[in-house]
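Undergrad: My structure is stored as start_27.cif, with mmCIF, C-alpha atoms.
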```
data_data
loop_
_atom_site.label_atom_id
_atom_site.label_comp_id
_atom_site.auth_asym_id
_atom_site.auth_seq_id
_atom_site.Cartn_x
_atom_site.Cartn_y
_atom_site.Cartn_z
CA MET A 1 -82.44 66.58 62.96
CA LYS A 2 -83.12 65.19 66.41
CA TYR A 3 -86.32 63.52 65.09
CA ARG A 4 -84.46 62.07 62.14
CA ILE A 5 -81.91 60.44 64.47
CA LEU A 6 -84.72 59.14 66.65
CA ILE A 7 -86.57 57.65 63.66
CA SER A 8 -83.35 56.04 62.45
CA LEU A 9 -82.73 54.51 65.87
CA VAL A 10 -86.30 53.16 66.11
CA THR A 11 -86.04 51.74 62.57
CA LEU A 12 -82.75 50.06 63.44
CA LEU A 13 -84.24 48.63 66.61
CA LEU A 14 -87.28 47.27 64.73
CA CYS A 15 -85.08 45.72 62.06
CA ALA A 16 -82.89 44.06 64.69
CA CYS A 17 -85.91 42.61 66.50
CA SER A 18 -87.54 41.17 63.41
CA ALA A 19 -84.34 39.91 61.80
CA PRO A 20 -84.36 36.24 60.91
CA VAL A 21 -81.95 33.92 62.64
CA ASP A 22 -78.51 34.17 61.05
CA SER A 23 -78.10 31.47 58.42
CA ALA A 24 -81.57 30.08 59.19
CA PRO A 25 -82.64 27.63 56.49
CA SER A 26 -85.20 28.60 53.88
CA ALA A 27 -88.48 26.66 53.73
CA LYS A 28 -86.98 24.52 50.96
CA GLU A 29 -83.81 23.82 52.95
CA ARG A 30 -85.85 23.08 56.06
CA GLY A 31 -87.87 20.48 54.13
CA SER A 32 -84.70 18.70 53.04
CA LEU A 33 -82.99 19.02 56.43
CA SER A 34 -86.06 17.66 58.25
CA THR A 35 -86.03 14.44 56.25
CA GLN A 36 -82.25 14.04 56.67
CA MET A 37 -82.54 14.79 60.39
CA VAL A 38 -85.20 12.12 60.96
CA ASN A 39 -83.03 9.51 59.23
CA LEU A 40 -79.87 10.59 61.07
CA SER A 41 -81.48 10.60 64.53
CA SER A 42 -82.77 7.06 63.88
CA ALA A 43 -79.24 5.95 62.95
CA VAL A 44 -77.76 7.47 66.12
CA ASP A 45 -80.56 5.92 68.18
CA THR A 46 -79.73 2.49 66.72
CA TYR A 47 -76.02 3.06 67.43
CA PHE A 48 -76.77 3.97 71.07
CA ALA A 49 -79.04 0.95 71.47
CA ASP A 50 -76.07 -1.37 70.86
CA LEU A 51 -73.69 0.36 73.29
CA SER A 52 -72.86 -1.40 76.51
CA LYS A 53 -71.89 1.80 78.36
CA VAL A 54 -72.56 5.52 78.25
CA PRO A 55 -70.73 7.08 75.25
CA THR A 56 -67.97 9.56 76.10
CA ASP A 57 -66.91 10.35 72.54
CA SER A 58 -67.34 13.77 70.97
CA ASP A 59 -70.50 14.52 69.01
CA ALA A 60 -68.54 14.39 65.75
CA THR A 61 -67.15 10.93 66.58
CA ILE A 62 -70.57 9.63 67.60
CA LEU A 63 -72.06 10.87 64.33
CA GLN A 64 -69.27 9.25 62.34
CA MET A 65 -69.61 5.94 64.17
CA ALA A 66 -73.40 5.93 63.83
CA THR A 67 -73.20 6.53 60.08
CA ARG A 68 -70.23 4.26 59.38
CA HIS A 69 -72.48 1.81 57.51
CA ASP A 70 -73.90 4.55 55.26
CA LYS A 71 -72.05 7.85 55.12
CA ARG A 72 -74.88 9.47 53.15
CA LEU A 73 -76.82 9.74 56.40
CA LEU A 74 -74.46 12.52 57.45
CA ALA A 75 -75.64 14.64 54.55
CA PRO A 76 -73.56 17.57 53.24
CA GLU A 77 -76.52 19.88 53.98
CA PHE A 78 -75.60 19.60 57.68
CA GLU A 79 -72.19 21.19 57.11
CA LEU A 80 -73.77 24.66 57.10
CA TYR A 81 -74.97 24.11 60.67
CA VAL A 82 -73.90 22.75 64.04
CA LEU A 83 -75.17 19.28 64.96
CA LYS A 84 -75.29 18.27 68.61
CA VAL A 85 -75.96 14.83 70.03
CA GLN A 86 -77.40 13.95 73.42
CA TYR A 87 -77.49 10.48 74.96
CA GLN A 88 -80.65 9.92 76.97
CA ASN A 89 -80.11 6.38 78.17
CA PRO A 90 -80.51 4.58 75.79
CA TYR A 91 -82.16 6.98 73.37
CA ALA A 92 -80.66 9.62 71.05
CA VAL A 93 -81.68 13.25 70.63
CA LEU A 94 -80.17 15.45 67.92
CA LEU A 95 -80.17 19.23 67.85
CA LEU A 96 -79.44 21.33 64.77
CA CYS A 97 -78.27 24.89 65.37
CA SER A 98 -77.00 27.86 63.39
CA LYS A 99 -73.32 27.72 62.43
CA ASP A 100 -72.39 30.20 65.17
CA GLY A 101 -73.95 27.79 67.68
CA LYS A 102 -76.36 30.40 69.03
CA TRP A 103 -79.78 29.50 67.66
CA ALA A 104 -81.70 26.24 67.52
CA ILE A 105 -83.23 25.21 64.18
CA MET A 106 -84.73 21.78 64.83
CA GLU A 107 -84.50 19.01 67.41
CA ASP A 108 -85.36 15.36 66.99
CA ALA A 109 -85.37 12.18 69.01
CA GLY A 110 -84.65 9.01 67.07
CA CYS A 111 -87.91 7.36 68.06
CA SER A 112 -90.09 7.95 65.03
CA ALA A 113 -90.36 9.18 61.45
CA ARG A 114 -91.76 12.44 62.83
CA LEU A 115 -89.56 15.52 63.25
CA ASP A 116 -90.20 16.29 66.91
CA ARG A 117 -89.43 20.00 67.21
CA GLN A 118 -89.27 22.61 64.49
CA ILE A 119 -87.89 25.91 65.80
CA ILE A 120 -89.05 28.79 63.64
CA HIS A 121 -88.60 31.64 66.11
CA ARG A 122 -85.42 32.52 67.92
CA ALA A 123 -84.58 30.02 70.63
CA PRO A 124 -81.21 29.18 72.17
CA CYS A 125 -79.25 26.19 70.93
CA GLU A 126 -80.26 23.98 73.86
CA PHE A 127 -81.78 20.52 74.15
CA THR A 128 -85.37 20.59 75.35
CA LEU A 129 -86.76 17.16 74.40
CA ARG A 130 -86.94 14.47 77.04
CA VAL A 131 -87.30 10.83 76.02
CA ARG A 132 -89.06 8.60 78.54
CA GLN A 133 -89.33 4.83 78.80
CA GLY A 134 -90.74 3.25 75.65
CA CYS A 135 -89.44 6.08 73.46
CA GLN A 136 -92.13 8.52 74.61
CA VAL A 137 -90.95 12.00 73.63
CA GLU A 138 -91.82 14.95 75.88
CA GLY A 139 -91.57 18.54 74.69
CA ALA A 140 -92.31 17.81 71.02
CA ASP A 141 -94.46 20.04 68.83
CA PRO A 142 -98.16 19.22 69.20
CA GLN A 143 -99.51 16.79 66.58
CA MET B 1 -114.30 9.20 40.24
CA LEU B 2 -110.65 9.79 39.39
CA LEU B 3 -110.78 13.36 40.68
CA GLU B 4 -112.42 12.17 43.87
CA SER B 5 -109.69 9.58 44.32
CA VAL B 6 -106.99 12.20 43.69
CA ALA B 7 -108.63 14.58 46.16
CA GLU B 8 -108.84 11.81 48.74
CA SER B 9 -105.19 10.95 48.21
CA CYS B 10 -104.24 14.66 48.53
CA GLY B 11 -106.28 14.94 51.72
CA MET B 12 -104.48 11.93 53.23
CA ARG B 13 -101.13 13.29 52.11
CA ILE B 14 -101.75 16.66 53.75
CA TYR B 15 -102.93 14.93 56.92
CA VAL B 16 -99.92 12.61 57.16
CA HIS B 17 -97.43 15.29 56.21
CA LYS B 18 -98.72 17.57 58.96
CA LYS B 19 -98.28 14.79 61.51
CA LEU B 20 -94.70 14.15 60.38
CA ASN B 21 -93.81 17.83 60.99
CA LEU B 22 -91.30 17.92 58.13
CA GLY B 23 -91.77 21.54 57.07
CA ALA B 24 -93.72 22.91 54.10
CA LEU B 25 -95.46 20.25 52.01
CA GLU B 26 -94.23 21.89 48.80
CA PHE B 27 -90.64 21.18 49.77
CA ASN B 28 -91.03 17.68 51.13
CA ARG B 29 -88.24 15.42 49.91
CA GLN B 30 -88.94 12.44 52.09
CA ILE B 31 -89.65 9.87 49.40
CA SER B 32 -86.88 10.90 47.03
CA THR B 33 -84.37 11.09 49.89
CA ASN B 34 -85.23 7.58 51.00
CA VAL B 35 -85.20 6.22 47.45
CA THR B 36 -81.80 7.87 46.89
CA ASN B 37 -80.53 6.26 50.10
CA THR B 38 -81.06 2.86 48.47
CA SER B 39 -78.77 3.87 45.58
CA ASP B 40 -75.37 2.43 44.84
CA GLU B 41 -72.91 4.79 46.54
CA ASN B 42 -70.85 5.03 43.35
CA ASN B 43 -73.76 5.37 40.94
CA PRO B 44 -77.02 6.90 42.17
CA ASP B 45 -78.87 5.63 39.10
CA ARG B 46 -78.29 2.04 40.21
CA MET B 47 -79.70 0.40 43.31
CA ASP B 48 -77.34 -0.64 46.07
CA PRO B 49 -76.00 -4.07 44.98
CA ASP B 50 -76.98 -5.84 48.22
CA VAL B 51 -80.53 -4.44 48.17
CA ALA B 52 -80.86 -5.23 44.46
CA GLN B 53 -79.66 -8.81 45.03
CA LEU B 54 -82.14 -9.28 47.87
CA TRP B 55 -85.08 -8.09 45.71
CA GLN B 56 -83.91 -10.12 42.76
CA ASP B 57 -83.66 -13.32 44.84
CA LEU B 58 -87.05 -12.73 46.47
CA LEU B 59 -88.79 -12.09 43.16
CA MET B 60 -87.08 -14.94 41.33
CA THR B 61 -88.00 -17.32 44.14
CA MET B 62 -91.64 -16.29 43.96
CA TYR B 63 -91.86 -15.94 40.16
CA SER B 64 -89.34 -18.43 38.85
CA GLY B 65 -90.99 -18.73 35.44
CA PHE B 66 -90.43 -15.08 34.57
CA GLN B 67 -87.49 -13.14 33.19
CA PRO B 68 -85.26 -11.64 35.93
CA PRO B 69 -86.57 -8.21 36.94
CA LYS B 70 -84.67 -5.14 35.75
CA ILE B 71 -84.14 -3.78 39.24
CA HIS B 72 -81.73 -1.01 38.25
CA ASP B 73 -84.04 0.19 35.47
CA TRP B 74 -86.88 0.37 37.96
CA HIS B 75 -84.67 2.33 40.38
CA ARG B 76 -83.57 4.79 37.68
CA ALA B 77 -87.17 5.30 36.54
CA MET B 78 -88.32 5.83 40.13
CA ARG B 79 -85.68 8.54 40.63
CA ALA B 80 -86.72 10.23 37.39
CA VAL B 81 -90.38 10.25 38.45
CA MET B 82 -89.43 11.63 41.86
CA LYS B 83 -87.51 14.47 40.23
CA ILE B 84 -90.60 15.46 38.26
CA GLY B 85 -93.01 14.92 41.13
CA GLU B 86 -90.89 16.87 43.59
CA SER B 87 -89.89 19.75 41.38
CA GLY B 88 -91.54 21.66 44.24
CA ASN B 89 -90.68 25.29 43.98
CA VAL B 90 -91.03 25.30 40.19
CA LEU B 91 -93.94 23.03 39.39
CA PHE B 92 -95.98 23.28 42.52
CA PRO B 93 -96.92 26.99 42.48
CA PHE B 94 -97.68 26.65 38.76
CA ALA B 95 -99.91 23.65 39.40
CA ARG B 96 -101.60 25.58 42.19
CA HIS B 97 -102.19 28.50 39.88
CA VAL B 98 -103.74 26.26 37.24
CA ALA B 99 -105.78 24.39 39.84
CA ALA B 100 -107.11 27.64 41.29
CA ASN B 101 -108.24 28.75 37.84
CA GLN B 102 -110.00 25.44 37.39
CA GLY B 103 -111.76 25.87 40.69
CA TRP B 104 -109.58 23.31 42.44
CA VAL B 105 -107.45 24.53 45.29
CA TYR B 106 -104.94 22.36 47.10
CA PRO B 107 -106.17 22.86 50.66
CA ALA B 108 -103.89 23.96 53.50
CA ALA B 109 -105.67 21.51 55.80
CA PRO B 110 -107.25 18.15 54.91
CA GLU B 111 -110.96 18.30 54.21
CA PRO B 112 -112.90 16.04 56.60
CA GLN B 113 -114.68 14.05 53.89
CA TYR B 114 -111.33 12.73 52.64
CA ILE B 115 -109.98 11.54 55.99
CA GLN B 116 -113.13 10.65 57.92
CA GLY B 117 -115.70 7.91 57.42
CA LEU B 118 -113.75 6.14 54.67
CA LYS B 119 -115.09 2.89 53.24
CA VAL B 120 -113.00 -0.14 54.19
CA PRO B 121 -112.99 -3.66 52.68
CA ASN B 122 -115.24 -5.27 55.30
CA GLY B 123 -118.07 -2.95 54.30
CA SER B 124 -117.87 -0.60 57.28
CA THR B 125 -116.34 2.89 57.50
CA MET B 126 -113.32 4.11 59.44
CA ASP B 127 -111.37 7.35 59.87
CA PHE B 128 -107.97 7.52 58.18
CA GLU B 129 -106.23 7.79 61.58
CA ASP B 130 -107.82 4.50 62.74
CA ILE B 131 -106.96 2.79 59.43
CA PHE B 132 -103.36 3.95 59.78
CA GLN B 133 -103.15 2.70 63.38
CA LYS B 134 -104.63 -0.65 62.30
CA ALA B 135 -102.03 -0.96 59.53
CA LEU B 136 -99.27 0.03 61.96
CA ASN B 137 -100.38 -2.60 64.47
CA ASN B 138 -100.48 -5.24 61.73
CA VAL B 139 -96.92 -4.39 60.72
CA LEU B 140 -95.74 -4.46 64.33
CA GLU B 141 -97.40 -7.83 64.84
CA LEU B 142 -95.70 -9.26 61.77
CA TRP B 143 -92.30 -7.98 62.89
CA GLY B 144 -92.94 -9.63 66.26
CA TRP B 145 -93.68 -12.92 64.51
CA LEU B 146 -90.53 -12.52 62.43
CA ALA B 147 -88.49 -11.88 65.59
CA LEU B 148 -89.81 -15.13 67.09
CA SER B 149 -88.87 -17.04 63.94
CA LEU B 150 -85.38 -15.55 63.91
CA GLN B 151 -84.95 -16.74 67.50
CA LYS B 152 -86.06 -20.21 66.32
CA GLN B 153 -89.15 -20.03 68.51
CA LYS B 154 -92.66 -21.08 67.57
CA SER B 155 -94.27 -18.30 65.59
CA PRO B 156 -97.55 -17.69 63.74
CA LEU B 157 -95.31 -17.26 60.69
CA ASP B 158 -94.89 -21.07 60.71
CA THR B 159 -98.49 -21.50 59.57
CA LEU B 160 -98.95 -18.26 57.64
CA THR B 161 -100.88 -18.75 54.42
CA SER B 162 -99.74 -17.28 51.12
CA TRP B 163 -101.60 -14.17 50.23
CA ASP B 164 -101.78 -11.59 47.50
CA LEU B 165 -100.32 -8.37 48.88
CA ASP B 166 -102.25 -6.30 46.34
CA THR B 167 -105.69 -7.64 47.23
CA GLY B 168 -105.07 -8.82 50.79
CA ILE B 169 -106.81 -12.13 49.98
CA ASP B 170 -105.07 -15.39 50.89
CA GLU B 171 -104.99 -18.75 49.13
CA ASN B 172 -108.21 -19.77 50.94
CA ASN B 173 -110.00 -16.72 49.54
CA HIS B 174 -109.90 -15.17 52.99
CA LEU B 175 -109.58 -11.39 53.35
CA VAL B 176 -106.74 -11.57 55.88
CA TYR B 177 -107.01 -8.31 57.81
CA TRP B 178 -110.64 -7.37 57.25
CA SER B 179 -112.66 -10.52 57.87
#
```
Translate the structure described by the file into C-alpha cells.
TA:
Amino acid sequence: MKYRILISLVTLLLCACSAPVDSAPSAKERGSLSTQMVNLSSAVDTYFADLSKVPTDSDATILQMATRHDKRLLAPEFELYVLKVQYQNPYAVLLLCSKDGKWAIMEDAGCSARLDRQIIHRAPCEFTLRVRQGCQVEGADPQ
Amino acid sequence: MLLESVAESCGMRIYVHKKLNLGALEFNRQISTNVTNTSDENNPDRMDPDVAQLWQDLLMTMYSGFQPPKIHDWHRAMRAVMKIGESGNVLFPFARHVAANQGWVYPAAPEPQYIQGLKVPNGSTMDFEDIFQKALNNVLELWGWLALSLQKQKSPLDTLTSWDLDTGIDENNHLVYWS
C-alpha cells in the first residue's frame, strides 16, 4: 500500500513536470500566430515611430491605435492569449503569453519579417528582447 | 529538369522559412495571411478597393492597349490556390507519404546543392544567402531613390531606364543588376 502511494506520488510529480504550458498553442496555431505576430509588431513599430513622446496608454489602447487603419492586424486568434507591448525608444516589442498571464509563448520586435523569439519550453511572461540603435535585436533565437 | 527545379525551390523554401522562425513549415500561413490582408474588409474574395485601383491604374498606364485587368478575379483565384497549397495538416502528410514511397523525401534541412553554388545570370555562381542579400540591397537602394524623389531631390530614378521585370533586361538590352 505504501509503495502504491509512493508510485502514485512519483507519477503525479512526473506528469506535473512534463505538462505542457496551459493553453499553449498547437504547432498549427503557432504557425498562424507567428505570421500575425510579425505583422502586428511591425504595425506597432510604425505607430511608435510617429509618436512625439513616450506613450503612456495601456497596451490595449496602443494596440487599437496601431491597428486603427486595418483592424485585421489585431487578429481574433490573439483573443485566446495575453498580448503585451513594450516601448523601447522608438522601437516596439510585443510579447504573447498564456491567457492566465503566466507563461510566455512568443516575443517579437517590429524590426523584421522574422519572428524573434519562439518560446517552446516554460518561461515566465517577461520581456527579454532588447532593441538597439538601427533596429538590432538582442536576445533573439539564433538564425 | 523540372524535378531539379522543384527540389531547388523546396530547398530555398526550407532555408528561408527556418530563418524567419515562424514555426513548423507544414503550418506556415504567411503568404495566405498577407494575401488575405489585401482583401476588401467586407468581402474577402475581392481586393481592397484602394489597392485594386492602384494596380489597375498602374497596369492601364503601362498597357493602355489592353483590356482592363480583372483584379478581383485574380485575387479570388490566388486565395483559392492558397487554400489548396496550404491545406497543411491534411495534404502535407499525405504528400510526404507519397513522396517517401517514390523515393523523394521533403528534407528537414535544406540540402547544400540547392542553396550553395547556384548559377546566376552573369555566368558565375553564388550561394542563396548572398543572392538574397544582393536582392535586398537592390530593393533598399531603390526605396532610397524613391525617398529622394518624393522629397523632390535629385535621384537616380530621374534617369532610370525602362526594364522588363521578368527578364531584368532594360531597353538598351542591358542586364541591369548582373552586368
Undergrad: I'd like to know which of B:Ile14, B:Ile84, B:Ala77, B:Ala24 is closest to chain A, using only C-alpha atoms.
TA: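 Using only C-alpha atoms, the shortest distance to chain A belongs to B:Ala24.
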Undergrad: Using all atoms listed in the file, collect all residues at a distance of at most 9 Å from (-119.2, 10.7, 58.2) as written in the file, then present them as a ChimeraX atom specification.
TA: /B:112-113,116-118,125-127
Undergrad: If you count only C-alpha atoms, which residues fall within 9 Å of A:Asp108, apart from same-chain ones fewer than 5 positions away, as a ChimeraX atom specification?
TA: /A:37-38,41,92-96,114-118,129,140
Undergrad: Which residue is closest to chain A? Choose from B:Leu59, B:Gly168, B:Arg13, B:Thr33 and count only C-alpha atoms.
TA: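 With only C-alpha atoms as the atom set, the closest residue is B:Thr33.
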Undergrad: May I have the residues of chain B within 7 Å of chain A, counting all atoms listed in the file, written as a ChimeraX atom specification?
TA: /B:19-24,27-30
Undergrad: Go ahead and compute the interatomic distance for atom CA of B:Thr159 and atom CA of B:Asn173, in Å to one decimal.
TA: 16.0 Å
Undergrad: If you measure from atom CA of B:Leu142 to atom CA of B:Val16, what distance in Å do you get, rounded to one decimal?
TA: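 Pair atom CA of B:Leu142 / atom CA of B:Val16 returns 22.7 Å.
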Undergrad: Between B:Thr61, B:Asn122, B:Asn42, B:Gln153, which one has atoms that come closest to B:His174, using all atoms listed in the file?
TA: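 Looking only at the distances to B:His174, the closest residue turns out to be B:Asn122.
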Undergrad: Give me the residues within 7 Å of B:Thr38 as a list in words, counting only C-alpha atoms and dropping any in the same chain fewer than 4 places off.
TA: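 The neighbour list is Asn34, Met47 and Asp48 of chain B.
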Undergrad: Go through the shown structure with the PyMOL selection byres ((chain B and resi 45) around 9) and write out the matching residues as a list of chain:residue names.
TA: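 Applying the expression gives B:Thr36, B:Ser39, B:Asp40, B:Asn43, B:Pro44, B:Arg46, B:Met47, B:His72, B:Asp73, B:His75, B:Arg76, B:Ala77, B:Arg79.
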Undergrad: Create the file for the chosen residues now, containing C-alpha atoms and written as a short mmCIF file (atom, residue, chain, number, x, y, z; two decimals), in the frame of the given file.
TA:
```
data_model
loop_
_atom_site.label_atom_id
_atom_site.label_comp_id
_atom_site.auth_asym_id
_atom_site.auth_seq_id
_atom_site.Cartn_x
_atom_site.Cartn_y
_atom_site.Cartn_z
CA THR B 36 -81.80 7.87 46.89
CA SER B 39 -78.77 3.87 45.58
CA ASP B 40 -75.37 2.43 44.84
CA ASN B 43 -73.76 5.37 40.94
CA PRO B 44 -77.02 6.90 42.17
CA ARG B 46 -78.29 2.04 40.21
CA MET B 47 -79.70 0.40 43.31
CA HIS B 72 -81.73 -1.01 38.25
CA ASP B 73 -84.04 0.19 35.47
CA HIS B 75 -84.67 2.33 40.38
CA ARG B 76 -83.57 4.79 37.68
CA ALA B 77 -87.17 5.30 36.54
CA ARG B 79 -85.68 8.54 40.63
#
```
Undergrad: From the options B:His17, B:Leu148, B:Phe66, B:Val35, which residue's atoms come nearest to B:Ala80, counting all atoms listed in the file?
TA: B:Val35
Undergrad: Could you check how far atom CA of B:Ile31 sits from atom CA of B:Trp163, in Å to one decimal?
TA: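 Atom-to-atom, atom CA of B:Ile31 to atom CA of B:Trp163, that is 26.9 Å.
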Undergrad: Would you mind putting N, CA and C atoms back on stretch 139-169 of chain B and writing the result as a compact mmCIF listing (two decimals), in the coordinates of the input?
TA:
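Saved to rebuild_12.txt:
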```
# COMPACT_ATOMS: atom_id res chain seq x y z
N VAL B 139 -98.35 -4.32 61.04
CA VAL B 139 -96.92 -4.39 60.72
C VAL B 139 -96.12 -4.77 61.96
N LEU B 140 -96.46 -4.15 63.09
CA LEU B 140 -95.74 -4.46 64.33
C LEU B 140 -95.92 -5.93 64.70
N GLU B 141 -97.13 -6.43 64.52
CA GLU B 141 -97.40 -7.83 64.84
C GLU B 141 -96.55 -8.76 63.97
N LEU B 142 -96.49 -8.42 62.68
CA LEU B 142 -95.70 -9.26 61.77
C LEU B 142 -94.21 -9.24 62.12
N TRP B 143 -93.70 -8.06 62.49
CA TRP B 143 -92.30 -7.98 62.89
C TRP B 143 -92.06 -8.82 64.15
N GLY B 144 -93.04 -8.81 65.05
CA GLY B 144 -92.94 -9.63 66.26
C GLY B 144 -92.86 -11.11 65.91
N TRP B 145 -93.69 -11.52 64.96
CA TRP B 145 -93.68 -12.92 64.51
C TRP B 145 -92.33 -13.26 63.88
N LEU B 146 -91.82 -12.31 63.08
CA LEU B 146 -90.53 -12.52 62.43
C LEU B 146 -89.42 -12.66 63.48
N ALA B 147 -89.50 -11.82 64.52
CA ALA B 147 -88.49 -11.88 65.59
C ALA B 147 -88.51 -13.25 66.25
N LEU B 148 -89.71 -13.79 66.49
CA LEU B 148 -89.81 -15.13 67.09
C LEU B 148 -89.16 -16.18 66.19
N SER B 149 -89.44 -16.08 64.89
CA SER B 149 -88.87 -17.04 63.94
C SER B 149 -87.35 -16.96 63.93
N LEU B 150 -86.83 -15.73 63.95
CA LEU B 150 -85.38 -15.55 63.91
C LEU B 150 -84.71 -16.12 65.17
N GLN B 151 -85.48 -16.15 66.26
CA GLN B 151 -84.95 -16.74 67.50
C GLN B 151 -85.25 -18.24 67.56
N LYS B 152 -85.72 -18.78 66.43
CA LYS B 152 -86.06 -20.21 66.32
C LYS B 152 -87.11 -20.63 67.35
N GLN B 153 -88.03 -19.70 67.63
CA GLN B 153 -89.15 -20.03 68.51
C GLN B 153 -90.39 -20.27 67.67
N LYS B 154 -91.40 -20.87 68.29
CA LYS B 154 -92.66 -21.08 67.57
C LYS B 154 -93.26 -19.71 67.24
N SER B 155 -93.75 -19.60 66.02
CA SER B 155 -94.27 -18.30 65.59
C SER B 155 -95.47 -18.50 64.66
N PRO B 156 -96.44 -17.59 64.70
CA PRO B 156 -97.55 -17.69 63.74
C PRO B 156 -97.08 -17.67 62.29
N LEU B 157 -95.84 -17.23 62.06
CA LEU B 157 -95.31 -17.26 60.69
C LEU B 157 -95.20 -18.70 60.17
N ASP B 158 -95.05 -19.67 61.11
CA ASP B 158 -94.89 -21.07 60.71
C ASP B 158 -96.10 -21.56 59.91
N THR B 159 -97.27 -21.01 60.22
CA THR B 159 -98.49 -21.50 59.57
C THR B 159 -99.15 -20.41 58.73
N LEU B 160 -98.38 -19.39 58.42
CA LEU B 160 -98.95 -18.26 57.64
C LEU B 160 -99.31 -18.73 56.23
N THR B 161 -100.49 -18.37 55.79
CA THR B 161 -100.88 -18.75 54.42
C THR B 161 -100.25 -17.77 53.43
N SER B 162 -100.18 -18.20 52.16
CA SER B 162 -99.74 -17.28 51.12
C SER B 162 -100.88 -16.33 50.81
N TRP B 163 -100.52 -15.06 50.65
CA TRP B 163 -101.60 -14.17 50.23
C TRP B 163 -101.12 -13.10 49.29
N ASP B 164 -102.07 -12.61 48.51
CA ASP B 164 -101.78 -11.59 47.50
C ASP B 164 -101.69 -10.24 48.20
N LEU B 165 -100.51 -9.63 48.15
CA LEU B 165 -100.32 -8.37 48.88
C LEU B 165 -101.07 -7.20 48.23
N ASP B 166 -101.47 -7.37 46.98
CA ASP B 166 -102.25 -6.30 46.34
C ASP B 166 -103.71 -6.33 46.78
N THR B 167 -104.27 -7.55 46.88
CA THR B 167 -105.69 -7.64 47.23
C THR B 167 -105.91 -7.93 48.71
N GLY B 168 -104.91 -8.46 49.38
CA GLY B 168 -105.07 -8.82 50.79
C GLY B 168 -105.84 -10.12 50.99
N ILE B 169 -106.04 -10.88 49.90
CA ILE B 169 -106.81 -12.13 49.98
C ILE B 169 -105.84 -13.31 49.92
```
